[in-house]
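Asks: Enclosed is the structure file model.txt (compact mmCIF, C-alpha atoms and all ligand atoms).
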# COMPACT_ATOMS: atom_id res chain seq x y z
CA MET A 1 127.31 63.09 132.36
CA LYS A 2 128.74 66.24 133.88
CA GLU A 3 126.84 65.52 137.06
CA ILE A 4 128.15 61.96 137.27
CA ARG A 5 131.76 63.09 136.87
CA LYS A 6 131.30 65.60 139.66
CA ILE A 7 130.01 62.89 141.98
CA ASN A 8 132.90 60.55 141.14
CA GLN A 9 135.43 63.21 142.00
CA VAL A 10 133.94 63.55 145.43
CA VAL A 11 133.82 59.82 146.04
CA ALA A 12 137.54 59.64 145.32
CA THR A 13 138.38 61.44 148.56
CA GLU A 14 136.87 60.43 151.84
CA CYS A 15 134.90 63.02 153.73
CA ALA A 16 132.81 65.59 151.96
CA GLU A 17 134.42 68.32 154.06
CA THR A 18 136.71 68.74 151.07
CA GLY A 19 134.02 68.12 148.45
CA GLU A 20 131.45 70.09 146.51
CA ASP A 21 129.66 73.01 148.12
CA TYR A 22 126.24 71.37 148.08
CA LEU A 23 127.64 68.28 149.77
CA LYS A 24 129.37 70.42 152.36
CA ALA A 25 126.06 72.14 153.05
CA MET A 26 124.33 68.77 153.30
CA LEU A 27 126.95 67.56 155.77
CA GLY A 28 126.67 70.78 157.77
CA ASP A 29 122.92 70.23 158.17
CA PHE A 30 123.47 66.57 158.98
CA ASP A 31 126.06 67.34 161.68
CA SER A 32 123.64 69.81 163.28
CA GLU A 33 121.22 67.07 164.26
CA PRO A 34 119.71 68.53 167.44
CA GLY A 35 119.96 66.89 170.85
CA TYR A 36 122.63 64.47 171.97
CA TYR A 37 124.44 64.42 168.63
CA LYS A 38 124.84 68.17 168.43
CA GLN A 39 125.85 68.51 172.06
CA VAL A 40 128.25 65.59 172.33
CA ILE A 41 129.37 64.53 168.86
CA LYS A 42 129.50 67.73 166.84
CA PRO A 43 132.33 69.38 168.83
CA MET A 44 134.46 66.26 168.28
CA LEU A 45 133.99 66.40 164.51
CA ILE A 46 135.99 69.59 164.20
CA ALA A 47 139.41 68.99 162.63
CA GLY A 48 142.07 68.45 165.28
CA HIS A 49 139.68 66.79 167.74
CA GLU A 50 140.05 63.27 166.31
CA ASN A 51 141.60 61.86 169.46
CA GLU A 52 138.56 62.97 171.47
CA ILE A 53 136.40 60.73 169.30
CA VAL A 54 138.68 57.77 169.98
CA TYR A 55 138.49 58.33 173.75
CA TRP A 56 134.75 58.85 173.60
CA LEU A 57 134.36 55.50 171.79
CA LYS A 58 136.64 53.90 174.37
CA ASP A 59 134.74 55.38 177.31
CA LEU A 60 131.43 54.14 175.97
CA GLY A 61 132.80 50.71 175.20
CA LEU A 62 132.34 50.95 171.42
CA ILE A 63 135.99 50.03 171.15
CA LYS A 64 137.83 47.87 173.67
CA ASN A 65 139.25 49.20 176.90
CA GLU A 66 141.74 46.42 177.35
CA PHE A 67 143.14 43.81 175.06
CA PHE A 68 144.99 40.58 175.68
CA CYS A 69 147.75 39.59 173.30
CA PRO A 70 146.21 37.09 170.81
CA LYS A 71 149.27 34.89 171.27
CA ALA A 72 148.14 34.25 174.84
CA GLU A 73 145.79 31.58 173.46
CA SER A 74 148.68 29.55 172.09
CA GLY A 75 150.59 30.06 175.32
CA THR A 76 153.49 31.87 173.67
CA CYS A 77 152.71 35.23 175.27
CA MET A 78 150.69 36.01 178.35
CA LYS A 79 150.75 39.78 178.28
CA MET A 80 148.02 42.35 178.29
CA MET A 81 148.51 44.75 175.39
CA SER A 82 149.00 48.42 176.11
CA TRP A 83 147.23 51.34 174.50
CA SER A 84 149.79 53.34 172.57
CA GLN A 85 149.99 56.11 170.03
CA ALA A 86 150.50 55.09 166.42
CA ARG A 87 151.08 56.68 163.05
CA ASN A 88 147.91 55.30 161.50
CA ASN A 89 144.50 56.75 160.70
CA ASP A 90 143.10 55.68 164.06
CA MET A 91 146.03 57.39 165.87
CA TYR A 92 146.35 54.57 168.39
CA GLN A 93 147.04 50.85 168.50
CA TRP A 94 147.35 47.94 170.91
CA LYS A 95 151.01 46.98 171.50
CA CYS A 96 152.18 43.94 173.38
CA ASN A 97 154.81 44.44 176.06
CA GLY A 98 155.83 40.81 175.85
CA CYS A 99 156.17 39.80 172.20
CA ASP A 100 156.01 43.22 170.57
CA GLY A 101 152.86 42.23 168.62
CA LYS A 102 150.49 44.98 167.43
CA ARG A 103 146.74 45.05 166.89
CA SER A 104 144.21 47.56 165.63
CA ILE A 105 142.08 49.32 168.25
CA ARG A 106 139.11 48.30 166.06
CA GLU A 107 139.59 44.64 167.00
CA ASP A 108 136.50 43.11 168.51
CA SER A 109 134.34 46.16 167.73
CA ILE A 110 131.74 47.00 165.08
CA PHE A 111 134.33 49.18 163.35
CA LEU A 112 136.57 46.24 162.44
CA ASN A 113 137.01 46.14 158.63
CA VAL A 114 134.84 49.24 158.21
CA LYS A 115 137.07 51.21 155.88
CA CYS A 116 136.44 54.80 156.93
CA SER A 117 137.45 57.18 159.68
CA PHE A 118 135.79 56.98 163.11
CA LYS A 119 134.30 60.39 162.36
CA ASN A 120 132.42 59.09 159.35
CA ALA A 121 131.60 55.82 161.07
CA ILE A 122 129.73 57.77 163.76
CA ARG A 123 127.97 59.78 161.06
CA ILE A 124 126.92 56.51 159.43
CA LEU A 125 125.44 55.34 162.74
CA LEU A 126 123.46 58.58 162.92
CA GLY A 127 122.35 58.02 159.32
CA TRP A 128 121.06 54.56 160.26
CA SER A 129 119.23 56.02 163.27
CA LYS A 130 117.56 58.63 161.06
CA GLY A 131 116.66 56.15 158.32
CA ASN A 132 118.81 57.85 155.66
CA ASP A 133 119.34 55.73 152.59
CA ILE A 134 122.74 54.15 151.97
CA ASP A 135 123.44 55.87 148.65
CA SER A 136 122.88 59.39 149.89
CA MET A 137 125.05 58.72 152.94
CA ALA A 138 127.88 57.38 150.74
CA LEU A 139 127.62 60.40 148.46
CA MET A 140 127.51 62.92 151.27
CA LEU A 141 130.50 61.41 153.09
CA GLY A 142 132.48 60.67 149.94
CA ILE A 143 132.96 57.02 150.86
CA LYS A 144 132.08 53.79 149.13
CA ARG A 145 128.59 52.37 149.35
CA PRO A 146 129.67 48.96 150.79
CA VAL A 147 131.31 50.76 153.73
CA VAL A 148 128.01 52.40 154.67
CA SER A 149 126.11 49.22 153.97
CA MET A 150 128.42 47.16 156.20
CA LEU A 151 127.99 49.47 159.18
CA TYR A 152 124.23 49.74 158.61
CA LYS A 153 124.09 45.96 158.71
CA LYS A 154 126.07 45.80 161.94
CA ALA A 155 123.88 48.48 163.55
CA GLY A 156 120.76 46.62 162.39
CA LEU A 157 121.97 43.37 163.93
CA VAL A 158 122.59 45.03 167.30
CA ALA A 159 119.13 46.63 167.19
CA GLN A 160 117.56 43.33 166.17
CA LYS A 161 119.20 41.53 169.08
CA TYR A 162 117.94 44.18 171.48
CA ILE A 163 114.41 44.01 170.10
CA THR A 164 114.40 40.21 170.34
CA TYR A 165 115.28 40.31 174.03
CA ASN A 166 113.14 43.35 174.88
CA THR A 167 110.09 42.86 172.69
CA SER A 168 107.81 43.96 175.53
CA GLU A 169 109.00 47.55 174.94
CA TRP A 170 107.11 47.40 171.66
CA ALA A 171 103.95 46.02 173.23
CA VAL A 172 100.67 47.56 172.10
CA GLY A 173 97.15 47.56 173.47
CA GLY A 174 95.93 46.68 176.94
CA ALA A 175 92.55 46.22 178.60
CA GLY A 176 89.86 47.82 176.44
CA LYS A 177 92.31 49.20 173.89
CA ILE A 178 91.71 48.57 170.22
CA VAL A 179 94.43 46.86 168.21
CA LEU A 180 94.40 46.22 164.48
CA VAL A 181 96.03 43.15 162.99
CA ASP A 182 96.50 42.54 159.29
CA SER A 183 99.15 41.45 156.85
CA TYR A 184 100.69 42.89 153.74
CA PRO A 185 100.04 42.39 150.82
CA GLU A 186 96.73 40.76 151.80
CA MET A 187 95.51 44.09 153.18
CA CYS A 188 95.73 45.69 149.78
CA LEU A 189 95.58 42.82 147.39
CA GLY A 190 94.90 43.83 143.85
CA ALA A 191 97.09 46.87 144.10
CA THR A 192 100.42 45.08 144.11
CA GLU A 193 100.33 41.78 142.37
CA THR A 194 103.08 42.49 139.93
CA ARG A 195 106.04 40.88 141.70
CA GLU A 196 106.17 38.31 144.44
CA PRO A 197 105.66 40.55 147.43
CA LYS A 198 107.45 39.84 150.67
CA PRO A 199 104.71 39.40 153.28
CA ILE A 200 104.76 41.56 156.41
CA LEU A 201 102.66 41.33 159.56
CA CYS A 202 101.26 44.71 160.65
CA ILE A 203 99.93 45.45 164.12
CA ALA A 204 98.75 48.91 165.17
CA GLU A 205 97.12 50.37 168.25
CA VAL A 206 94.21 52.72 167.59
CA LYS A 207 94.37 56.14 169.25
CA SER A 208 98.01 55.95 170.22
CA PHE A 209 100.24 58.93 169.75
CA PRO A 210 102.75 58.69 168.29
CA GLN A 211 101.13 55.87 166.38
CA LYS A 212 102.30 52.52 167.75
CA TYR A 213 103.11 49.96 165.08
CA TRP A 214 104.75 46.58 164.93
CA PHE A 215 106.02 45.18 161.65
CA GLU A 216 107.48 41.76 161.14
CA LEU A 217 108.67 39.96 158.05
CA LEU A 218 106.59 36.81 157.52
CA GLN A 219 107.82 33.61 155.95
CA PRO A 220 107.16 33.57 152.21
CA TYR A 221 104.13 31.51 151.24
CA ARG A 222 102.07 30.43 148.27
CA ARG A 223 98.41 31.30 148.54
CA THR A 224 97.48 27.85 147.30
CA ASN A 225 99.79 25.89 149.59
CA GLN A 226 97.95 24.95 152.79
CA GLU A 227 101.13 23.85 154.51
CA HIS A 228 102.72 27.27 153.90
CA LEU A 229 99.62 29.05 155.13
CA GLN A 230 99.51 27.03 158.34
CA LEU A 231 103.12 27.90 159.13
CA VAL A 232 102.56 31.61 158.52
CA LYS A 233 99.39 31.57 160.61
CA LYS A 234 101.36 30.03 163.45
CA GLN A 235 103.98 32.77 163.14
CA ILE A 236 101.27 35.44 163.24
CA LEU A 237 99.63 33.97 166.35
CA SER A 238 102.92 33.77 168.19
CA SER A 239 103.79 37.38 167.29
CA VAL A 240 100.39 38.69 168.30
CA LYS A 241 100.73 36.94 171.66
CA LYS A 242 104.13 38.57 172.12
CA ILE A 243 103.18 42.09 171.06
CA VAL A 244 99.52 42.59 171.91
CA ALA A 245 98.73 42.95 175.63
CA PRO A 246 95.97 40.67 176.98
CA GLY A 247 92.52 42.22 177.17
CA SER A 248 92.98 44.20 173.98
CA ILE A 249 90.11 44.33 171.50
CA LEU A 250 91.39 42.83 168.27
CA ILE A 251 90.16 44.08 164.94
CA VAL A 252 90.92 41.66 162.15
CA PRO A 253 90.14 41.68 158.43
CA SER A 254 86.89 40.10 157.27
CA SER A 255 88.55 38.48 154.32
CA SER A 256 92.13 37.30 154.56
CA ILE A 257 93.82 33.99 153.97
CA LEU A 258 95.95 34.48 157.08
CA CYS A 259 94.29 36.33 159.90
CA THR A 260 90.52 36.32 160.05
CA ASN A 261 88.47 35.94 163.21
CA GLU A 262 88.60 32.15 162.88
CA ASP A 263 92.37 32.10 162.83
CA PHE A 264 92.48 33.87 166.20
CA LEU A 265 89.98 31.63 167.99
CA GLU A 266 92.68 29.86 169.97
CA LEU A 267 93.71 33.22 171.45
CA LYS A 268 90.21 33.97 172.73
CA TYR A 269 91.40 33.40 176.28
CA LEU A 270 93.73 36.40 175.88
CA TYR A 271 91.52 38.56 173.69
CA PRO A 272 87.86 37.84 174.45
CA LEU A 273 86.68 40.41 171.94
CA ILE A 274 87.77 39.84 168.35
CA ILE A 275 85.86 41.81 165.77
CA SER A 276 86.08 41.61 162.01
CA THR A 277 86.10 44.81 159.97
CA ASP A 278 82.71 44.01 158.43
CA ASP A 279 81.10 43.60 161.85
CA LEU A 280 82.65 46.83 162.96
CA ALA A 281 81.02 48.75 160.15
CA ARG A 282 77.64 48.03 161.73
CA HIS A 283 78.62 50.22 164.67
CA ASP A 284 79.26 53.30 162.54
CA ASP A 285 77.35 56.29 163.82
CA GLY A 286 77.26 58.19 160.58
CA ASN A 287 79.69 60.89 161.66
CA ARG A 288 82.84 58.86 161.49
CA THR A 289 83.15 55.47 159.93
CA ILE A 290 85.49 52.90 161.37
CA ALA A 291 86.63 52.20 157.83
CA GLY A 292 87.82 55.80 157.69
CA ILE A 293 89.86 55.45 160.88
CA LEU A 294 91.32 52.14 159.74
CA ASP A 295 92.13 53.63 156.40
CA ILE A 296 94.24 56.40 157.92
CA ILE A 297 96.21 54.03 160.17
CA TRP A 298 96.72 51.41 157.50
CA ARG A 299 97.67 53.93 154.83
CA GLU A 300 100.91 54.64 156.68
CA ALA A 301 101.48 50.93 157.32
CA VAL A 302 100.95 50.12 153.65
CA ASP A 303 103.39 52.88 152.66
CA ILE A 304 106.02 51.37 154.95
CA CYS A 305 105.40 47.86 153.59
CA GLU A 306 105.50 49.11 150.00
CA GLU A 307 108.79 50.89 150.65
CA ALA A 308 110.18 47.73 152.25
CA GLN A 309 109.53 45.80 149.02
CA ALA A 310 112.28 47.77 147.30
CA TYR A 311 114.90 46.11 149.49
CA GLY A 312 116.54 42.79 148.75
CA HIS A 313 115.82 39.77 150.88
CA GLU A 314 118.59 40.43 153.38
CA LEU A 315 118.00 44.16 153.62
CA ILE A 316 114.24 44.07 154.06
CA SER A 317 114.37 42.77 157.62
CA GLN A 318 117.04 45.39 158.39
CA TYR A 319 114.73 48.04 156.97
CA ILE A 320 111.89 46.87 159.20
CA ILE A 321 114.16 46.74 162.26
CA GLY A 322 115.30 50.32 161.60
CA ARG A 323 111.70 51.43 161.15
CA ILE A 324 110.46 50.03 164.45
CA TRP A 325 113.61 51.21 166.27
CA ARG A 326 112.97 54.80 165.16
CA GLN A 327 109.27 54.54 165.85
CA ARG A 328 110.04 53.48 169.44
CA TYR A 329 112.95 55.83 170.24
CA GLY A 330 112.26 58.81 167.99
CA SER A 331 114.84 61.53 168.51
CA ASN A 332 116.74 59.27 170.95
CA ALA A 333 117.25 56.54 168.33
CA PHE A 334 120.94 57.37 167.86
CA GLU A 335 121.68 57.64 171.57
CA MET A 336 119.97 54.31 172.24
CA LEU A 337 121.89 52.64 169.43
CA VAL A 338 125.23 53.95 170.67
CA TYR A 339 124.41 52.81 174.18
CA GLN A 340 123.56 49.32 172.96
CA LEU A 341 126.72 49.15 170.83
CA GLY A 342 128.79 49.88 173.92
CA LEU A 343 127.35 47.06 176.02
ZN ZN B 1 152.23 39.31 173.08
Can you present the structure in this file as structure tokens?

Replies:
Amino acid sequence: MKEIRKINQVVATECAETGEDYLKAMLGDFDSEPGYYKQVIKPMLIAGHENEIVYWLKDLGLIKNEFFCPKAESGTCMKMMSWSQARNNDMYQWKCNGCDGKRSIREDSIFLNVKCSFKNAIRILLGWSKGNDIDSMALMLGIKRPVVSMLYKKAGLVAQKYITYNTSEWAVGGAGKIVLVDSYPEMCLGATETREPKPILCIAEVKSFPQKYWFELLQPYRRTNQEHLQLVKKQILSSVKKIVAPGSILIVPSSSILCTNEDFLELKYLYPLIISTDDLARHDDGNRTIAGILDIIWREAVDICEEAQAYGHELISQYIIGRIWRQRYGSNAFEMLVYQLGL
């Protein structure tokens, strides 16, 4: 009980800079994220530098650089609004020279309706880029969970849009390279049959470092419904075509209701060599078994899929997006996100 009360006290005031010692220490570590964040963002987080953050957001295009009076649409005012100082938390506002109307500088940006300071909003974007969970971010920053969740969602949508238009950046394989394709929970059936698992397509390139993965939420299906299975199979084929470079050697499960050798026959023209895991075992040389290699790669994939199951229907695809974003951009994940948000 004592612990809960302590936490509530902190939540009451935004920004853990004024909170408990352990939260302050947590925030100190968080703000010291090496690289771009430490070099560019950290100096602006010091008290008294708030206006630098606003101008940094403006320069990068995360908030607007110019704003037309909304009344222009109805023809009652044709003026461009001017950037002016204001006595509000954001320190600035848009003010119309014609009709005297005022607007928030958050208009038309991802920060609109996000009820926290810009300082914490940027921290939340870093939290998303690092894969920190929503609750620990809310606790550390002393802000409400829905605030973090809202910005995570907005960041996820921007990342998702980017991935949709630039899927080739996540391509795996190539001539002679080995690529594994399987789906969760099929790949570990028996282990998790308690709830209705949300199915996920997993693609991984063997011998890539860092390990290249692709995860994608599949449409829900019933194992006994042929119509469902056909739709999911179609989705898998189209994703494999998108992600796996032609000429790759595909390794597919020997027993699966979704992606066995037979299911990939129509892609033979792209992947002439498709081998099932059972066939592969025949090539073991005694020193290292292919099952062993597969096991290591899939263990991480299964962990990720298992973790994803904890998220609700809406959040699971966000979780997967975040995962593949970080896997692709690593320590530049935050920088890439900020850049995309500014476009
Ligand atoms: Zn106006």

Asks: Considering only C-alpha atoms and all ligand atoms, state which residue in the set A:Ile110, A:Ile297, A:Cys77, A:Leu157 is at the smallest distance from ligand ZN 1 (chain B).

Replies: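 Closest residue, counting only C-alpha atoms and all ligand atoms: A:Cys77.
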
Asks: For atom CA of A:Leu139 and atom CA of A:Gln318, determine how far apart the two atoms are, in Å to one decimal place.

Replies: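 If I compute the distance from atom CA of A:Leu139 to atom CA of A:Gln318, I get 20.9 Å.
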
Asks: Give me the residues within 12 Å of A:Lys233 as a ChimeraX atom specification, counting all atoms listed in the file and dropping any in the same chain fewer than 2 places off.

Replies: /A:182-183,199,201,218-221,226-231,235-240,256-260,262-266

Asks: Return as a list in words every polymer residue, whether protein, DNA or RNA, with at least one atom no more than 9 Å from an atom of ligand ZN 1 (chain B); count all atoms listed in the file.

Replies: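 Using all atoms listed in the file, I find these residues within 9 Å of ligand ZN 1 (chain B): Phe68, Cys69, Pro70, Lys71, Ala72, Thr76, Cys77, Met78, Lys79, Met80, Met81, Lys95, Cys96, Asn97, Gly98, Cys99, Asp100, Gly101 and Lys102 of chain A.
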
Asks: With all atoms listed in the file as the counted atoms, please give the residues lying no more than 12 Å from A:Pro43, apart from itself and same-chain residues fewer than 4 positions off, as a PDB file with C-alpha atoms, in the coordinates of the input.

Replies:
ATOM      1  CA  ASP A  31     126.060  67.340 161.680  1.00  0.00           C
ATOM      2  CA  SER A  32     123.640  69.810 163.280  1.00  0.00           C
ATOM      3  CA  TYR A  36     122.630  64.470 171.970  1.00  0.00           C
ATOM      4  CA  TYR A  37     124.440  64.420 168.630  1.00  0.00           C
ATOM      5  CA  LYS A  38     124.840  68.170 168.430  1.00  0.00           C
ATOM      6  CA  GLN A  39     125.850  68.510 172.060  1.00  0.00           C
ATOM      7  CA  ALA A  47     139.410  68.990 162.630  1.00  0.00           C
ATOM      8  CA  GLY A  48     142.070  68.450 165.280  1.00  0.00           C
ATOM      9  CA  HIS A  49     139.680  66.790 167.740  1.00  0.00           C
ATOM     10  CA  GLU A  50     140.050  63.270 166.310  1.00  0.00           C
ATOM     11  CA  ASN A  51     141.600  61.860 169.460  1.00  0.00           C
ATOM     12  CA  GLU A  52     138.560  62.970 171.470  1.00  0.00           C
ATOM     13  CA  ILE A  53     136.400  60.730 169.300  1.00  0.00           C
ATOM     14  CA  TRP A  56     134.750  58.850 173.600  1.00  0.00           C
ATOM     15  CA  LYS A 119     134.300  60.390 162.360  1.00  0.00           C
TER      16      LYS A 119
END

Asks: Rounded to one decimal, what separation in Å do you get between atom CA of A:Asn261 and atom CA of A:Trp325?

Replies: 29.6 Å

Asks: Give me, as a PyMOL selection string, all polymer residues having an atom no more than 9 Å from A:Leu341, counting only C-alpha atoms and skipping those fewer than 5 positions away in the same chain.

Replies: chain A and resi 60-62+109-110+155+158-159+336

Asks: Please determine, counting all atoms listed in the file, which residue among A:Leu126, A:Met26, A:Ile296, A:Ile203 has the shortest atom-to-atom distance to A:Leu217.

Replies: A:Ile203

Asks: Tell me which of A:Glu107, A:Asp303, A:Glu196, A:Glu169 sits closest to A:Val244, counting only C-alpha atoms.

Replies: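 Looking at the shortest contact to A:Val244, the residue is A:Glu169.
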
Asks: For A:Pro197, which residue out of A:Ser331, A:Gln340, A:Gln309, A:Thr167 is the nearest one, using only C-alpha atoms?

Replies: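 Smallest distance to A:Pro197 is found for A:Gln309.
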
Asks: Determine the nearest neighbour of A:Ile200 from the options A:Met137, A:Thr164, A:Tyr311, A:Ile304, counting only C-alpha atoms.

Replies: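 Under the stated criterion, the closest residue is A:Ile304.
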
Asks: What separation in Å, quoted to one decimal, exists between atom CA of A:Ile251 and atom CA of A:Val181?

Replies: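 Result for atom CA of A:Ile251 versus atom CA of A:Val181: 6.3 Å, one decimal.
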
Asks: Calculated over all atoms listed in the file, which of the candidates A:Pro272, A:Pro34, A:Pro146, A:Gly131 has the smallest distance to A:Cys116?

Replies: A:Pro146

Asks: Find the spatial neighbours of stretch 112-115 of chain A, counting all atoms listed in the file, within a cut-off of 10 Å - ignore same-chain residues fewer than 3 positions away - and output them as a PyMOL selection string.

Replies: chain A and resi 63+104-109+118+120-121+143-144+146-151
